[in-house]
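Enquirer: Structure file run.pdb (PDB, C-alpha atoms and all ligand atoms) is given on the next line.
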ATOM      1  CA  MET A  18      26.006  19.025   7.432
ATOM      2  CA  ILE A  19      24.752  15.688   6.071
ATOM      3  CA  GLY A  20      27.368  13.073   5.194
ATOM      4  CA  ILE A  21      26.662  10.579   2.419
ATOM      5  CA  ILE A  22      28.871   7.530   2.011
ATOM      6  CA  GLY A  23      28.924   4.908  -0.736
ATOM      7  CA  ALA A  24      31.551   2.209  -1.176
ATOM      8  CA  MET A  25      31.804   2.222  -4.979
ATOM      9  CA  ASP A  26      31.769   4.964  -7.612
ATOM     10  CA  MET A  27      28.440   3.715  -8.981
ATOM     11  CA  GLU A  28      26.913   4.315  -5.527
ATOM     12  CA  VAL A  29      27.863   8.022  -5.302
ATOM     13  CA  ASP A  30      28.616   9.315  -8.822
ATOM     14  CA  GLY A  31      24.955  10.189  -9.453
ATOM     15  CA  LEU A  32      24.927  12.307  -6.287
ATOM     16  CA  LYS A  33      28.228  14.067  -7.033
ATOM     17  CA  GLU A  34      26.860  15.024 -10.475
ATOM     18  CA  GLN A  35      23.883  16.739  -8.842
ATOM     19  CA  MET A  36      25.974  18.806  -6.398
ATOM     20  CA  SER A  37      26.639  22.531  -6.742
ATOM     21  CA  SER A  38      29.296  24.804  -5.178
ATOM     22  CA  VAL A  39      31.581  21.800  -4.779
ATOM     23  CA  ASP A  40      34.858  21.878  -2.893
ATOM     24  CA  ILE A  41      36.962  18.691  -2.976
ATOM     25  CA  GLN A  42      39.341  17.766  -0.175
ATOM     26  CA  THR A  43      41.447  14.594  -0.086
ATOM     27  CA  VAL A  44      42.008  12.988   3.316
ATOM     28  CA  SER A  45      43.840   9.662   3.718
ATOM     29  CA  GLY A  46      43.445   9.061  -0.012
ATOM     30  CA  MET A  47      39.654   9.593   0.045
ATOM     31  CA  ASP A  48      38.027  12.465  -1.857
ATOM     32  CA  PHE A  49      35.368  14.383   0.078
ATOM     33  CA  TYR A  50      32.956  16.431  -2.069
ATOM     34  CA  GLN A  51      31.497  19.226   0.035
ATOM     35  CA  GLY A  52      28.724  21.334  -1.481
ATOM     36  CA  LEU A  53      24.982  21.612  -1.925
ATOM     37  CA  LEU A  54      22.739  18.707  -2.852
ATOM     38  CA  CYS A  55      19.133  19.793  -3.518
ATOM     39  CA  GLY A  56      20.233  23.047  -1.829
ATOM     40  CA  VAL A  57      21.234  21.194   1.356
ATOM     41  CA  PRO A  58      24.826  21.328   2.731
ATOM     42  CA  CYS A  59      26.288  17.846   2.249
ATOM     43  CA  VAL A  60      29.585  16.027   2.027
ATOM     44  CA  VAL A  61      29.719  12.999  -0.274
ATOM     45  CA  ALA A  62      32.491  10.395  -0.385
ATOM     46  CA  ARG A  63      33.283   7.058  -1.980
ATOM     47  CA  CYS A  64      34.943   5.156   0.834
ATOM     48  CA  GLY A  65      36.002   1.964  -0.946
ATOM     49  CA  VAL A  66      34.858  -1.530  -0.043
ATOM     50  CA  GLY A  67      34.911  -2.940   3.480
ATOM     51  CA  LYS A  68      34.651  -1.994   7.135
ATOM     52  CA  VAL A  69      38.008  -0.251   7.650
ATOM     53  CA  ASN A  70      37.518   2.050   4.655
ATOM     54  CA  ALA A  71      33.969   2.806   5.758
ATOM     55  CA  ALA A  72      35.011   3.554   9.347
ATOM     56  CA  MET A  73      37.824   5.863   8.211
ATOM     57  CA  CYS A  74      35.424   7.741   5.985
ATOM     58  CA  ALA A  75      32.746   8.164   8.653
ATOM     59  CA  GLN A  76      35.316   9.246  11.254
ATOM     60  CA  THR A  77      36.767  11.815   8.841
ATOM     61  CA  MET A  78      33.279  13.166   8.217
ATOM     62  CA  ALA A  79      32.766  13.448  11.973
ATOM     63  CA  LEU A  80      36.052  15.273  12.632
ATOM     64  CA  GLN A  81      36.566  17.370   9.474
ATOM     65  CA  TYR A  82      32.968  18.167   8.536
ATOM     66  CA  GLN A  83      31.087  17.906  11.841
ATOM     67  CA  THR A  84      28.344  15.900  10.155
ATOM     68  CA  SER A  85      25.250  15.606  12.345
ATOM     69  CA  VAL A  86      23.705  12.956  10.088
ATOM     70  CA  ILE A  87      25.336  10.247   7.961
ATOM     71  CA  VAL A  88      23.471   8.211   5.339
ATOM     72  CA  ASN A  89      25.067   5.146   3.787
ATOM     73  CA  THR A  90      23.667   4.443   0.327
ATOM     74  CA  GLY A  91      24.335   1.580  -2.061
ATOM     75  CA  VAL A  92      23.642  -2.025  -2.922
ATOM     76  CA  ALA A  93      23.392  -5.236  -0.890
ATOM     77  CA  GLY A  94      22.689  -8.929  -1.115
ATOM     78  CA  GLY A  95      19.108  -9.787  -0.196
ATOM     79  CA  ILE A  96      18.489 -12.386   2.513
ATOM     80  CA  GLY A  97      15.307 -14.414   2.688
ATOM     81  CA  LYS A  98      12.717 -15.365   0.103
ATOM     82  CA  GLY A  99      10.776 -12.128   0.316
ATOM     83  CA  VAL A 100      13.748  -9.855  -0.422
ATOM     84  CA  ARG A 101      14.301  -9.712  -4.166
ATOM     85  CA  VAL A 102      16.682  -8.010  -6.584
ATOM     86  CA  GLY A 103      15.416  -4.454  -7.114
ATOM     87  CA  ASP A 104      13.832  -4.182  -3.647
ATOM     88  CA  VAL A 105      15.186  -1.736  -1.086
ATOM     89  CA  VAL A 106      16.124  -2.487   2.526
ATOM     90  CA  ILE A 107      16.147   0.425   4.965
ATOM     91  CA  SER A 108      17.999  -0.218   8.210
ATOM     92  CA  SER A 109      16.260  -0.476  11.549
ATOM     93  CA  GLY A 110      19.679  -1.513  12.857
ATOM     94  CA  LEU A 111      23.062  -2.833  11.833
ATOM     95  CA  VAL A 112      25.058  -5.882  12.913
ATOM     96  CA  GLU A 113      28.705  -6.749  12.280
ATOM     97  CA  HIS A 114      28.208 -10.425  11.416
ATOM     98  CA  ASP A 115      31.960 -11.128  11.484
ATOM     99  CA  PHE A 116      32.493  -9.713  15.002
ATOM    100  CA  ASP A 117      32.971 -13.017  16.778
ATOM    101  CA  LEU A 118      33.987 -13.408  20.432
ATOM    102  CA  THR A 119      31.964 -16.599  20.855
ATOM    103  CA  ASP A 120      35.067 -18.583  21.865
ATOM    104  CA  LEU A 121      35.329 -16.151  24.804
ATOM    105  CA  GLY A 122      31.736 -16.920  25.730
ATOM    106  CA  GLU A 123      30.161 -13.813  24.193
ATOM    107  CA  GLU A 124      27.037 -13.719  22.044
ATOM    108  CA  LYS A 125      27.776 -13.893  18.291
ATOM    109  CA  GLY A 126      28.099 -10.411  16.806
ATOM    110  CA  LEU A 127      28.505  -8.656  20.137
ATOM    111  CA  VAL A 128      30.532  -5.524  19.432
ATOM    112  CA  SER A 129      33.307  -5.163  21.960
ATOM    113  CA  GLY A 130      33.268  -1.777  23.698
ATOM    114  CA  ILE A 131      29.685  -1.058  22.671
ATOM    115  CA  GLY A 132      28.240  -4.138  24.354
ATOM    116  CA  GLN A 133      25.461  -4.582  21.777
ATOM    117  CA  VAL A 134      24.898  -6.868  18.821
ATOM    118  CA  VAL A 135      22.508  -4.544  17.001
ATOM    119  CA  ILE A 136      23.385  -0.870  16.616
ATOM    120  CA  PRO A 137      20.013   0.812  16.069
ATOM    121  CA  ALA A 138      19.658   3.343  13.260
ATOM    122  CA  THR A 139      18.054   6.676  14.189
ATOM    123  CA  PRO A 140      14.307   5.844  14.211
ATOM    124  CA  VAL A 141      13.200   9.151  12.650
ATOM    125  CA  LEU A 142      15.614   8.645   9.754
ATOM    126  CA  THR A 143      14.436   5.064   9.213
ATOM    127  CA  GLU A 144      10.813   6.241   9.179
ATOM    128  CA  LEU A 145      11.578   9.158   6.874
ATOM    129  CA  ALA A 146      13.440   6.927   4.406
ATOM    130  CA  ALA A 147      10.591   4.395   4.426
ATOM    131  CA  GLU A 148       8.050   7.181   3.886
ATOM    132  CA  LYS A 149      10.000   8.633   0.933
ATOM    133  CA  ALA A 150      10.487   5.137  -0.502
ATOM    134  CA  LYS A 151       6.714   4.514  -0.327
ATOM    135  CA  GLU A 152       6.144   7.706  -2.315
ATOM    136  CA  THR A 153       8.767   7.154  -5.013
ATOM    137  CA  TYR A 154      10.565   3.790  -4.963
ATOM    138  CA  GLY A 155       9.870   1.347  -7.794
ATOM    139  CA  GLY A 156      10.033  -1.970  -5.942
ATOM    140  CA  ALA A 157       9.212  -3.584  -2.620
ATOM    141  CA  ILE A 158      10.356  -1.783   0.527
ATOM    142  CA  HIS A 159      11.653  -3.570   3.612
ATOM    143  CA  VAL A 160      12.707  -2.200   6.982
ATOM    144  CA  GLY A 161      14.983  -4.441   9.027
ATOM    145  CA  ILE A 162      18.420  -5.534  10.154
ATOM    146  CA  ILE A 163      21.319  -5.144   7.727
ATOM    147  CA  ALA A 164      24.358  -7.366   8.348
ATOM    148  CA  THR A 165      27.879  -6.148   7.576
ATOM    149  CA  GLY A 166      31.151  -8.034   7.280
ATOM    150  CA  ASP A 167      34.391  -8.043   5.328
ATOM    151  CA  GLN A 168      33.070 -10.735   2.993
ATOM    152  CA  PHE A 169      31.086 -10.834  -0.225
ATOM    153  CA  ILE A 170      28.402 -13.403   0.570
ATOM    154  CA  GLY A 171      27.850 -15.809  -2.291
ATOM    155  CA  SER A 172      26.782 -19.068  -0.680
ATOM    156  CA  SER A 173      23.466 -20.310   0.660
ATOM    157  CA  GLU A 174      25.223 -21.753   3.696
ATOM    158  CA  LYS A 175      26.771 -18.411   4.732
ATOM    159  CA  LEU A 176      23.642 -16.428   4.073
ATOM    160  CA  GLN A 177      21.496 -18.884   6.047
ATOM    161  CA  GLU A 178      23.900 -18.558   8.963
ATOM    162  CA  ILE A 179      23.591 -14.758   8.883
ATOM    163  CA  LYS A 180      19.816 -15.055   8.677
ATOM    164  CA  ARG A 181      19.677 -17.559  11.553
ATOM    165  CA  SER A 182      22.057 -15.600  13.781
ATOM    166  CA  PHE A 183      20.749 -12.076  13.235
ATOM    167  CA  ASP A 184      17.428 -12.290  11.356
ATOM    168  CA  ALA A 185      19.011  -9.943   8.792
ATOM    169  CA  MET A 186      17.312  -8.923   5.545
ATOM    170  CA  ALA A 187      20.422  -7.824   3.666
ATOM    171  CA  CYS A 188      24.181  -8.216   3.741
ATOM    172  CA  GLU A 189      26.826  -5.752   2.683
ATOM    173  CA  MET A 190      30.328  -4.643   3.665
ATOM    174  CA  GLU A 191      30.211  -1.115   5.148
ATOM    175  CA  GLY A 192      27.001  -0.187   6.968
ATOM    176  CA  GLY A 193      27.876  -1.787  10.323
ATOM    177  CA  ALA A 194      31.218   0.020  10.460
ATOM    178  CA  ILE A 195      29.509   3.344   9.715
ATOM    179  CA  ALA A 196      26.901   2.590  12.390
ATOM    180  CA  HIS A 197      29.704   1.778  14.861
ATOM    181  CA  VAL A 198      31.464   5.106  14.181
ATOM    182  CA  CYS A 199      28.188   7.047  14.333
ATOM    183  CA  TYR A 200      27.302   5.400  17.641
ATOM    184  CA  LEU A 201      30.653   6.387  19.180
ATOM    185  CA  ASN A 202      30.433   9.955  17.830
ATOM    186  CA  ASP A 203      26.737  10.478  18.629
ATOM    187  CA  ILE A 204      25.814  10.994  14.956
ATOM    188  CA  ASP A 205      22.363  10.140  13.598
ATOM    189  CA  PHE A 206      22.450   7.621  10.756
ATOM    190  CA  VAL A 207      20.525   5.335   8.464
ATOM    191  CA  VAL A 208      21.582   2.806   5.803
ATOM    192  CA  ILE A 209      19.715   2.461   2.508
ATOM    193  CA  ARG A 210      20.531  -0.485   0.287
ATOM    194  CA  ALA A 211      18.935  -1.526  -2.992
ATOM    195  CA  ILE A 212      19.230  -5.260  -3.598
ATOM    196  CA  SER A 213      21.661  -6.293  -6.346
ATOM    197  CA  ASP A 214      21.766 -10.087  -5.745
ATOM    198  CA  ASN A 215      20.535 -12.814  -3.431
ATOM    199  CA  ALA A 216      23.870 -13.566  -1.709
ATOM    200  CA  ASP A 217      23.663 -17.147  -3.013
ATOM    201  CA  GLU A 218      25.699 -19.244  -5.451
ATOM    202  CA  LYS A 219      24.591 -17.001  -8.352
ATOM    203  CA  ALA A 220      25.421 -13.767  -6.516
ATOM    204  CA  ASP A 221      28.561 -12.941  -8.520
ATOM    205  CA  ILE A 222      26.732 -13.028 -11.863
ATOM    206  CA  THR A 223      23.611 -11.292 -10.524
ATOM    207  CA  PHE A 224      25.741  -8.608  -8.849
ATOM    208  CA  ASP A 225      27.616  -7.812 -12.093
ATOM    209  CA  GLN A 226      24.341  -7.477 -13.952
ATOM    210  CA  PHE A 227      22.192  -5.632 -11.413
ATOM    211  CA  ALA A 228      24.511  -3.616  -9.145
ATOM    212  CA  PRO A 229      24.557  -0.528 -11.430
ATOM    213  CA  ILE A 230      20.746  -0.586 -11.703
ATOM    214  CA  ALA A 231      20.315  -1.065  -7.942
ATOM    215  CA  ALA A 232      22.899   1.645  -7.163
ATOM    216  CA  LYS A 233      20.914   4.125  -9.275
ATOM    217  CA  LYS A 234      17.702   3.205  -7.459
ATOM    218  CA  SER A 235      19.335   3.906  -4.102
ATOM    219  CA  THR A 236      20.769   7.194  -5.423
ATOM    220  CA  ASP A 237      17.346   8.287  -6.710
ATOM    221  CA  LEU A 238      15.845   7.603  -3.285
ATOM    222  CA  MET A 239      18.642   9.653  -1.685
ATOM    223  CA  MET A 240      17.673  12.640  -3.825
ATOM    224  CA  GLN A 241      14.188  12.455  -2.287
ATOM    225  CA  LEU A 242      15.451  11.831   1.226
ATOM    226  CA  ILE A 243      18.029  14.630   1.590
ATOM    227  CA  PRO A 244      15.534  17.547   1.456
ATOM    228  CA  ALA A 245      13.196  15.595   3.768
ATOM    229  CA  ILE A 246      15.976  15.113   6.342
ATOM    230  CA  ASN A 247      16.837  18.800   6.085
ATOM    231  CA  ALA A 248      13.195  19.764   6.669
ATOM    232  CA  GLN A 249      13.043  17.555   9.787
ATOM    233  CA  ARG A 250      16.278  18.838  11.372
ATOM    234  CA  GLY A 251      15.721  19.469  15.053
ATOM    235  CA  SER A 252      13.264  16.590  15.468
ATOM    236  CA  PHE A 253      15.958  13.972  16.046
TER     237      PHE A 253
HETATM  238  N1  LIG B 301      26.948  -6.109  -1.670
HETATM  239  C1  LIG B 301      26.110  -6.474  -2.659
HETATM  240  N2  LIG B 301      25.901  -7.792  -2.645
HETATM  241  C2  LIG B 301      26.624  -8.288  -1.625
HETATM  242  C3  LIG B 301      26.830  -9.592  -1.110
HETATM  243  N3  LIG B 301      26.245 -10.642  -1.663
HETATM  244  N4  LIG B 301      27.648  -9.736  -0.040
HETATM  245  C4  LIG B 301      28.254  -8.663   0.506
HETATM  246  N5  LIG B 301      28.099  -7.403   0.055
HETATM  247  C5  LIG B 301      27.286  -7.216  -0.996
END
Before we go any further, please render this structure as structure tokens.
Ligand code: ADE
Expert:
Amino acid sequence: MIGIIGAMDMEVDGLKEQMSSVDIQTVSGMDFYQGLLCGVPCVVARCGVGKVNAAMCAQTMALQYQTSVIVNTGVAGGIGKGVRVGDVVISSGLVEHDFDLTDLGEEKGLVSGIGQVVIPATPVLTELAAEKAKETYGGAIHVGIIATGDQFIGSSEKLQEIKRSFDAMACEMEGGAIAHVCYLNDIDFVVIRAISDNADEKADITFDQFAPIAAKKSTDLMMQLIPAINAQRGSF
């Protein structure tokens, strides 16, 4: 079973519409849509914004649906000059930029219990997503670190700090929590984020305008990726 998580309705509605043989179960206030997507057994959920919601959703998928793969799809703020609105960033790894034990002498972003700053995405899934994006995505494609925290980033100062600390290409609010849960449950994962804004002082306005367009671009890529993941099962 493949789990697909998006934070907002606009990030998963397009996928739910394409599902057949759907069975809906509500767990902890979250609706889980189990059925077939492109003929592949999947469970799709809108988790809500932020790390706790995302972690609850991924853990429920692990326990209730025995997902062997989880893909997080949606939008993100682009970091760095080369990452523009409409581009896609595919995760090589995730960081939790707000995990901060530096006053205890730890490296910034070090995740307690895991002992790593970067949680690597499953390499085969990253490669597969990049390959599918090259075939179909309308916009530049980047593979790199995605930074997650319980903050909407809308200031050059904050985004520069995230770039400096983690060399991240995008920032969002769920992927790192999903990576954390997948790591602890031994689930393969990748995060796919279309860029809706540049995480700077204009991010609020740009986000309002471009998030629905970016969310659809990520959804369209998911529709290409799901059958490809299914065809590669057993190789990761
Ligand atoms: N998701 C989309 N844009 C974002 C931003 N600028 N900060 C955090 N999450 C986002």
Enquirer: Selected by the PyMOL selection byres (((not hetatm)) within 6 of (chain B and resi 301)) in the shown coordinates: which residues, as a PDB file with C-alpha atoms, in the frame of the given file?
Expert:
ATOM      1  CA  VAL A  92      23.642  -2.025  -2.922  1.00  0.00           C
ATOM      2  CA  ALA A  93      23.392  -5.236  -0.890  1.00  0.00           C
ATOM      3  CA  GLY A  94      22.689  -8.929  -1.115  1.00  0.00           C
ATOM      4  CA  GLN A 168      33.070 -10.735   2.993  1.00  0.00           C
ATOM      5  CA  PHE A 169      31.086 -10.834  -0.225  1.00  0.00           C
ATOM      6  CA  ILE A 170      28.402 -13.403   0.570  1.00  0.00           C
ATOM      7  CA  GLY A 171      27.850 -15.809  -2.291  1.00  0.00           C
ATOM      8  CA  CYS A 188      24.181  -8.216   3.741  1.00  0.00           C
ATOM      9  CA  GLU A 189      26.826  -5.752   2.683  1.00  0.00           C
ATOM     10  CA  MET A 190      30.328  -4.643   3.665  1.00  0.00           C
ATOM     11  CA  SER A 213      21.661  -6.293  -6.346  1.00  0.00           C
ATOM     12  CA  ASP A 214      21.766 -10.087  -5.745  1.00  0.00           C
ATOM     13  CA  ALA A 216      23.870 -13.566  -1.709  1.00  0.00           C
ATOM     14  CA  ALA A 220      25.421 -13.767  -6.516  1.00  0.00           C
TER      15      ALA A 220
END
Enquirer: Could you give me, as a ChimeraX atom specification, the residues that have an atom at most 12 Å away from the point (23.5, -2.1, -1.7) in the coordinates of the file, using all atoms listed in the file?
Expert: /A:22-25,27-29,66,89-95,102-108,163-165,169,186-192,208-216,224,227-236
Enquirer: Could you check which of A:Thr143, A:Gln177, A:Asn202, A:Ser182 is closest to Gln76 in chain A, using only C-alpha atoms?
Expert: A:Asn202
Enquirer: I'd like to know which of A:Ser38, A:Gln51, A:Gln241, A:Thr223 is closest to Tyr154 in chain A, using all atoms listed in the file.
Expert: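 Looking at the shortest contact to Tyr154 in chain A, the residue is A:Gln241.
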Enquirer: Name all residues at most 8 Å from Ala62 in chain A (count all atoms listed in the file; drop same-chain ones fewer than 2 positions away) and give them as a PyMOL selection string.
Expert: chain A and resi 21-23+29+47-50+60+64+74
Enquirer: I need the residue nearest Gln83 in chain A from this list: A:Val134, A:Val141, A:Ala157, A:Met18. Use all atoms listed in the file for the distance.
Expert: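 Going through A:Val134, A:Val141, A:Ala157, A:Met18 one by one, the smallest distance to Gln83 in chain A is for A:Met18.
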Enquirer: The PyMOL selection byres (((chain A and resi 113) around 8) and not hetatm) - which residues does that actually catch in the file I just gave you? List them as a PDB file with C-alpha atoms, keeping the file's coordinate frame.
Expert:
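Written file, part-v2.pdb:
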ATOM      1  CA  LEU A 111      23.062  -2.833  11.833  1.00  0.00           C
ATOM      2  CA  VAL A 112      25.058  -5.882  12.913  1.00  0.00           C
ATOM      3  CA  HIS A 114      28.208 -10.425  11.416  1.00  0.00           C
ATOM      4  CA  ASP A 115      31.960 -11.128  11.484  1.00  0.00           C
ATOM      5  CA  PHE A 116      32.493  -9.713  15.002  1.00  0.00           C
ATOM      6  CA  GLY A 126      28.099 -10.411  16.806  1.00  0.00           C
ATOM      7  CA  VAL A 128      30.532  -5.524  19.432  1.00  0.00           C
ATOM      8  CA  VAL A 134      24.898  -6.868  18.821  1.00  0.00           C
ATOM      9  CA  ALA A 164      24.358  -7.366   8.348  1.00  0.00           C
ATOM     10  CA  THR A 165      27.879  -6.148   7.576  1.00  0.00           C
ATOM     11  CA  GLY A 166      31.151  -8.034   7.280  1.00  0.00           C
ATOM     12  CA  GLY A 193      27.876  -1.787  10.323  1.00  0.00           C
ATOM     13  CA  ALA A 194      31.218   0.020  10.460  1.00  0.00           C
TER      14      ALA A 194
END
Enquirer: So that I can check the surroundings of Tyr200 in chain A, please list as a PDB file with C-alpha atoms, in the frame of the given file every protein, DNA and RNA residue that reaches within 10 Å of it, counting only C-alpha atoms and ignoring chain neighbours fewer than 2 positions away.
Expert:
ATOM      1  CA  ILE A 131      29.685  -1.058  22.671  1.00  0.00           C
ATOM      2  CA  ILE A 136      23.385  -0.870  16.616  1.00  0.00           C
ATOM      3  CA  PRO A 137      20.013   0.812  16.069  1.00  0.00           C
ATOM      4  CA  ALA A 138      19.658   3.343  13.260  1.00  0.00           C
ATOM      5  CA  THR A 139      18.054   6.676  14.189  1.00  0.00           C
ATOM      6  CA  ALA A 194      31.218   0.020  10.460  1.00  0.00           C
ATOM      7  CA  ILE A 195      29.509   3.344   9.715  1.00  0.00           C
ATOM      8  CA  ALA A 196      26.901   2.590  12.390  1.00  0.00           C
ATOM      9  CA  HIS A 197      29.704   1.778  14.861  1.00  0.00           C
ATOM     10  CA  VAL A 198      31.464   5.106  14.181  1.00  0.00           C
ATOM     11  CA  ASN A 202      30.433   9.955  17.830  1.00  0.00           C
ATOM     12  CA  ASP A 203      26.737  10.478  18.629  1.00  0.00           C
ATOM     13  CA  ILE A 204      25.814  10.994  14.956  1.00  0.00           C
ATOM     14  CA  ASP A 205      22.363  10.140  13.598  1.00  0.00           C
ATOM     15  CA  PHE A 206      22.450   7.621  10.756  1.00  0.00           C
TER      16      PHE A 206
END
Enquirer: Measure the distance from CA of Asp167 in chain A to CA of Asn70 in chain A in Å and round it to one decimal.
Expert: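 Distance between the two atoms: 10.6 Å.
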Enquirer: Go through A:Cys199, A:Gln226, A:Cys59, A:Asp26 one by one, measure the shortest atom-to-atom distance of each to Ala72 in chain A using all atoms listed in the file, and give the residue with the smallest value.
Expert: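 Distance minimum relative to Ala72 in chain A lands on A:Cys199.
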Enquirer: Regenerate range 144-165 of chain A at the level of N, CA and C atoms and dump it as a tab-separated table (two decimals), keeping the file's coordinate frame.
Expert:
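Contents of the output file out-v3.tsv:
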chain	number	residue	atom	x	y	z
A	144	GLU	N	12.21	5.96	9.55
A	144	GLU	CA	10.81	6.24	9.18
A	144	GLU	C	10.73	7.16	7.97
A	145	LEU	N	11.57	8.20	7.98
A	145	LEU	CA	11.58	9.16	6.87
A	145	LEU	C	11.97	8.48	5.56
A	146	ALA	N	13.00	7.63	5.61
A	146	ALA	CA	13.44	6.93	4.41
A	146	ALA	C	12.34	5.99	3.90
A	147	ALA	N	11.67	5.30	4.83
A	147	ALA	CA	10.59	4.39	4.43
A	147	ALA	C	9.43	5.17	3.80
A	148	GLU	N	9.14	6.32	4.40
A	148	GLU	CA	8.05	7.18	3.89
A	148	GLU	C	8.37	7.66	2.47
A	149	LYS	N	9.59	8.15	2.26
A	149	LYS	CA	10.00	8.63	0.93
A	149	LYS	C	10.00	7.48	-0.07
A	150	ALA	N	10.47	6.30	0.38
A	150	ALA	CA	10.49	5.14	-0.50
A	150	ALA	C	9.06	4.78	-0.94
A	151	LYS	N	8.12	4.84	0.01
A	151	LYS	CA	6.71	4.51	-0.33
A	151	LYS	C	6.19	5.46	-1.39
A	152	GLU	N	6.62	6.72	-1.35
A	152	GLU	CA	6.14	7.71	-2.32
A	152	GLU	C	6.76	7.51	-3.70
A	153	THR	N	8.05	7.07	-3.73
A	153	THR	CA	8.77	7.15	-5.01
A	153	THR	C	9.46	5.87	-5.48
A	154	TYR	N	9.70	4.91	-4.59
A	154	TYR	CA	10.56	3.79	-4.96
A	154	TYR	C	9.84	2.77	-5.84
A	155	GLY	N	10.47	2.36	-6.91
A	155	GLY	CA	9.87	1.35	-7.79
A	155	GLY	C	10.32	-0.04	-7.39
A	156	GLY	N	9.65	-0.64	-6.44
A	156	GLY	CA	10.03	-1.97	-5.94
A	156	GLY	C	9.57	-2.12	-4.51
A	157	ALA	N	9.67	-3.34	-4.00
A	157	ALA	CA	9.21	-3.58	-2.62
A	157	ALA	C	10.17	-2.92	-1.62
A	158	ILE	N	9.59	-2.51	-0.50
A	158	ILE	CA	10.36	-1.78	0.53
A	158	ILE	C	10.35	-2.62	1.80
A	159	HIS	N	11.53	-2.82	2.37
A	159	HIS	CA	11.65	-3.57	3.61
A	159	HIS	C	12.39	-2.73	4.64
A	160	VAL	N	11.98	-2.85	5.89
A	160	VAL	CA	12.71	-2.20	6.98
A	160	VAL	C	13.19	-3.31	7.90
A	161	GLY	N	14.49	-3.37	8.18
A	161	GLY	CA	14.98	-4.44	9.03
A	161	GLY	C	16.47	-4.35	9.29
A	162	ILE	N	17.00	-5.47	9.80
A	162	ILE	CA	18.42	-5.53	10.15
A	162	ILE	C	19.27	-5.74	8.89
A	163	ILE	N	20.33	-4.96	8.80
A	163	ILE	CA	21.32	-5.14	7.73
A	163	ILE	C	22.60	-5.65	8.37
A	164	ALA	N	23.16	-6.73	7.78
A	164	ALA	CA	24.36	-7.37	8.35
A	164	ALA	C	25.59	-7.00	7.52
A	165	THR	N	26.65	-6.61	8.23
A	165	THR	CA	27.88	-6.15	7.58
A	165	THR	C	29.05	-7.04	7.95
